[in-house]
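What follows is one structure encoded as structure tokens, with my remarks underneath.
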Amino acid sequence: MTHPGNPGATGNSGYATTHEGLKASGVVKTAEQPQQDGPAPAQRPAGGRSASGVLGSGWVRLLLGLLLPAAVLAAWQWSTSAGLFSSVQLPAPGAVVEASVDLIQRGELAQHVAISTQRVLLGFAFGAALGLVFGALIGLSKVADVLLSPTIGALRAVPSLAWVPLLILWMKIGEDSKVTLILIGAFFPVFTTVSLALRHVDKNLVEAGRAFGLKGVKLLTTVQLPAVVPAVFSGLRLALAQAWLFLVAAELIASSMGLGFLLTDSQNNGRTDRLLLAIVLLAIIGKITDALLGVAEKWAVKRWA
């Protein structure tokens with residue numbers, strides 16, 4: 001027999017439209033929830049390893065991930081030692097290391113890395129913020145979708161280099177034009193993923209939030225955005241990769257510093273060793289920034305999703 005005054009009882013009685021009731025309904029997750037009845041979690045095998053096996057270890061995954069770069073490095077060294085390529089076509093790994101040491105001693109390499117990283121982070125931050133705002137607007141509003149989606153979709157198809165002369169005309173050759181070009185590159189991945197994810201949020205979940213008195217920004221931040229946290233971070237990681245891609249185009253705008261400048265300047269001067277150094281540094285720094293964003297993604301998913 002149920003008791004009318006008990007909000008947790010079954011039957012026709014319902015939860016009070018409070019934040020506690022919202023948590024109890026499962027719309028808002030609490031930091032700690034009691035363990036529900038059901039099958040017990042998978043037990044560890046007798047050997048003490050997790051169910052995922054050795055691949056569950058972070059160190060093992062790191063070592064396995066380094067196998068392919070090590071193989072590529074070995075093949076690179078072998079091909080240069082065997083004379084398959086000239087030193088101009090493909091310098092040996094040692095020559096690239098010597099080029100990096102030379103630039104470090106001149107005090108130039110750290111400046112190239114710092115200025116490029118600063119441009120990417122600024123452009124990524126502004127582009128991701130705008131992408132989140134416009135993505136949420138179009139994902140939640142059919143009117144905004146009809147008005148803005150065709151135009152934004154058309155702008156998304158414009159190649160990065162097509163913006164360069166226009167940005168030079170509008171913003172001259174300073175930092176603003178470079179950061180703006182990277183902003184454009186970072187905007188579209190976030191906009192696309194957020195707008196599409198919000199359109200597919202479970203309608204029952206949204207209606208449950210509205211039933212508990214949530215609407216507008218409160219509904220967005222409490223129910224809808226937490227429901228699409230993995231999609232948001234997928235867009236952010238794509239945007240960060242796109243920002244590094246747009247960096248080279250941005251540093252074509254009369255730049256005198258940065259990894260993109262080092263890349264093009266080395267090509268013009270026939271310094272293939274420095275050219276390869278710039279490519280390797282772009283790959284390493286891009287991976288480091290992506291890994292940091294991956295750490296933030298795990299924390300956000302655990303906190304909100």
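Residue numbering restarts at 1 in every chain; chains get A, B, ... in the order shown in the structure tokens, and ligands count up from 1 in that same order.
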Report task. Can you list, as a PyMOL selection string, all residues belonging to region 12-258 of chain A that DSSP tags as alpha helix (DSSP H)? Result -> chain A and resi 19-25+58-65+67-81+93-106+109-140+142-156+160-171+175-199+203-211+216-219+225-227+229-250
Report task. Rank A:Ser86, A:Trp163, A:Pro230, A:Glu108 by their smallest atom-to-atom distance to Lys302 (chain A), using only C-alpha atoms, and report the top residue only. Result ->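 Ranking A:Ser86, A:Trp163, A:Pro230, A:Glu108 by distance to Lys302 (chain A), first place goes to A:Pro230.
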Query - Surrounding residues of Ile182 (chain A) excluding itself and chain neighbours under 6 positions, 8 Å, only C-alpha atoms, as a list of chain:residue names - result: A:Arg119, A:Val120, A:Gly123, A:Phe124, A:Gly127, A:Ala243, A:Trp244, A:Phe246, A:Leu247, A:Ala250
Keeping only all heavy atoms, write the selected residues to a file as a PDB file, in the first residue's frame.
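Writing the result to selection00.pdb gives the following:
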```pdb
ATOM      1  N   ARG A 119      49.129  31.592 -31.059  1.00  0.00           N
ATOM      2  CA  ARG A 119      48.140  31.867 -32.111  1.00  0.00           C
ATOM      3  C   ARG A 119      47.066  30.779 -32.166  1.00  0.00           C
ATOM      4  O   ARG A 119      45.876  31.074 -32.289  1.00  0.00           O
ATOM      5  CB  ARG A 119      48.845  31.981 -33.457  1.00  0.00           C
ATOM      6  CG  ARG A 119      49.663  33.261 -33.609  1.00  0.00           C
ATOM      7  CD  ARG A 119      50.618  33.168 -34.799  1.00  0.00           C
ATOM      8  NE  ARG A 119      51.378  34.406 -34.971  1.00  0.00           N
ATOM      9  CZ  ARG A 119      52.479  34.518 -35.699  1.00  0.00           C
ATOM     10  NH1 ARG A 119      52.960  33.445 -36.340  1.00  0.00           N
ATOM     11  NH2 ARG A 119      53.108  35.676 -35.802  1.00  0.00           N
ATOM     12  N   VAL A 120      47.496  29.524 -32.064  1.00  0.00           N
ATOM     13  CA  VAL A 120      46.542  28.426 -32.140  1.00  0.00           C
ATOM     14  C   VAL A 120      45.586  28.457 -30.953  1.00  0.00           C
ATOM     15  O   VAL A 120      44.366  28.296 -31.110  1.00  0.00           O
ATOM     16  CB  VAL A 120      47.285  27.079 -32.205  1.00  0.00           C
ATOM     17  CG1 VAL A 120      46.325  25.919 -31.940  1.00  0.00           C
ATOM     18  CG2 VAL A 120      47.931  26.908 -33.567  1.00  0.00           C
ATOM     19  N   GLY A 123      43.106  31.471 -31.291  1.00  0.00           N
ATOM     20  CA  GLY A 123      42.119  31.225 -32.334  1.00  0.00           C
ATOM     21  C   GLY A 123      41.175  30.092 -31.974  1.00  0.00           C
ATOM     22  O   GLY A 123      39.968  30.175 -32.221  1.00  0.00           O
ATOM     23  N   PHE A 124      41.715  29.041 -31.361  1.00  0.00           N
ATOM     24  CA  PHE A 124      40.883  27.913 -30.950  1.00  0.00           C
ATOM     25  C   PHE A 124      39.883  28.318 -29.879  1.00  0.00           C
ATOM     26  O   PHE A 124      38.708  27.947 -29.935  1.00  0.00           O
ATOM     27  CB  PHE A 124      41.770  26.781 -30.444  1.00  0.00           C
ATOM     28  CG  PHE A 124      41.017  25.695 -29.735  1.00  0.00           C
ATOM     29  CD1 PHE A 124      40.221  24.811 -30.441  1.00  0.00           C
ATOM     30  CD2 PHE A 124      41.107  25.558 -28.361  1.00  0.00           C
ATOM     31  CE1 PHE A 124      39.524  23.803 -29.783  1.00  0.00           C
ATOM     32  CE2 PHE A 124      40.418  24.556 -27.697  1.00  0.00           C
ATOM     33  CZ  PHE A 124      39.619  23.684 -28.415  1.00  0.00           C
ATOM     34  N   GLY A 127      37.213  30.641 -31.503  1.00  0.00           N
ATOM     35  CA  GLY A 127      36.431  29.891 -32.476  1.00  0.00           C
ATOM     36  C   GLY A 127      35.539  28.857 -31.820  1.00  0.00           C
ATOM     37  O   GLY A 127      34.374  28.688 -32.212  1.00  0.00           O
ATOM     38  N   ALA A 243      42.601  23.894 -36.124  1.00  0.00           N
ATOM     39  CA  ALA A 243      43.338  25.113 -35.801  1.00  0.00           C
ATOM     40  C   ALA A 243      44.813  24.978 -36.168  1.00  0.00           C
ATOM     41  O   ALA A 243      45.427  25.910 -36.703  1.00  0.00           O
ATOM     42  CB  ALA A 243      43.185  25.434 -34.310  1.00  0.00           C
ATOM     43  N   TRP A 244      45.402  23.807 -35.895  1.00  0.00           N
ATOM     44  CA  TRP A 244      46.797  23.598 -36.284  1.00  0.00           C
ATOM     45  C   TRP A 244      46.946  23.559 -37.798  1.00  0.00           C
ATOM     46  O   TRP A 244      47.960  24.012 -38.350  1.00  0.00           O
ATOM     47  CB  TRP A 244      47.328  22.310 -35.661  1.00  0.00           C
ATOM     48  CG  TRP A 244      47.653  22.450 -34.208  1.00  0.00           C
ATOM     49  CD1 TRP A 244      46.939  21.976 -33.148  1.00  0.00           C
ATOM     50  CD2 TRP A 244      48.779  23.138 -33.643  1.00  0.00           C
ATOM     51  NE1 TRP A 244      47.548  22.323 -31.962  1.00  0.00           N
ATOM     52  CE2 TRP A 244      48.686  23.030 -32.244  1.00  0.00           C
ATOM     53  CE3 TRP A 244      49.862  23.827 -34.199  1.00  0.00           C
ATOM     54  CZ2 TRP A 244      49.626  23.589 -31.387  1.00  0.00           C
ATOM     55  CZ3 TRP A 244      50.803  24.388 -33.347  1.00  0.00           C
ATOM     56  CH2 TRP A 244      50.678  24.264 -31.957  1.00  0.00           C
ATOM     57  N   PHE A 246      45.088  25.258 -39.933  1.00  0.00           N
ATOM     58  CA  PHE A 246      44.943  26.634 -40.408  1.00  0.00           C
ATOM     59  C   PHE A 246      46.128  27.502 -40.014  1.00  0.00           C
ATOM     60  O   PHE A 246      46.285  28.605 -40.546  1.00  0.00           O
ATOM     61  CB  PHE A 246      43.647  27.238 -39.865  1.00  0.00           C
ATOM     62  CG  PHE A 246      42.452  26.997 -40.740  1.00  0.00           C
ATOM     63  CD1 PHE A 246      42.054  25.712 -41.063  1.00  0.00           C
ATOM     64  CD2 PHE A 246      41.719  28.053 -41.254  1.00  0.00           C
ATOM     65  CE1 PHE A 246      40.948  25.474 -41.866  1.00  0.00           C
ATOM     66  CE2 PHE A 246      40.612  27.833 -42.062  1.00  0.00           C
ATOM     67  CZ  PHE A 246      40.234  26.537 -42.372  1.00  0.00           C
ATOM     68  N   LEU A 247      46.948  27.033 -39.065  1.00  0.00           N
ATOM     69  CA  LEU A 247      48.095  27.825 -38.627  1.00  0.00           C
ATOM     70  C   LEU A 247      49.045  28.106 -39.780  1.00  0.00           C
ATOM     71  O   LEU A 247      49.531  29.234 -39.926  1.00  0.00           O
ATOM     72  CB  LEU A 247      48.834  27.081 -37.510  1.00  0.00           C
ATOM     73  CG  LEU A 247      50.171  27.705 -37.088  1.00  0.00           C
ATOM     74  CD1 LEU A 247      49.932  29.016 -36.345  1.00  0.00           C
ATOM     75  CD2 LEU A 247      50.970  26.733 -36.228  1.00  0.00           C
ATOM     76  N   ALA A 250      47.672  30.688 -41.877  1.00  0.00           N
ATOM     77  CA  ALA A 250      47.693  31.973 -41.172  1.00  0.00           C
ATOM     78  C   ALA A 250      49.078  32.599 -41.187  1.00  0.00           C
ATOM     79  O   ALA A 250      49.226  33.820 -41.327  1.00  0.00           O
ATOM     80  CB  ALA A 250      47.228  31.775 -39.725  1.00  0.00           C
TER      81      ALA A 250
END
```
Query raised in the report: Which residues come within 9 Å of region 186-195 of chain A, counting only C-alpha atoms, excluding same-chain residues fewer than 2 positions away, as JSON, numbers by chain?
Result: {"A": [123, 124, 125, 126, 127, 128, 129, 130, 131, 132, 133, 134, 135, 136, 137, 138, 139, 140, 152, 153, 156, 181, 182, 183, 184, 197, 198, 199, 225, 228, 231, 232, 233, 234, 235, 236, 237, 238, 239, 240, 241, 242, 243, 246]}
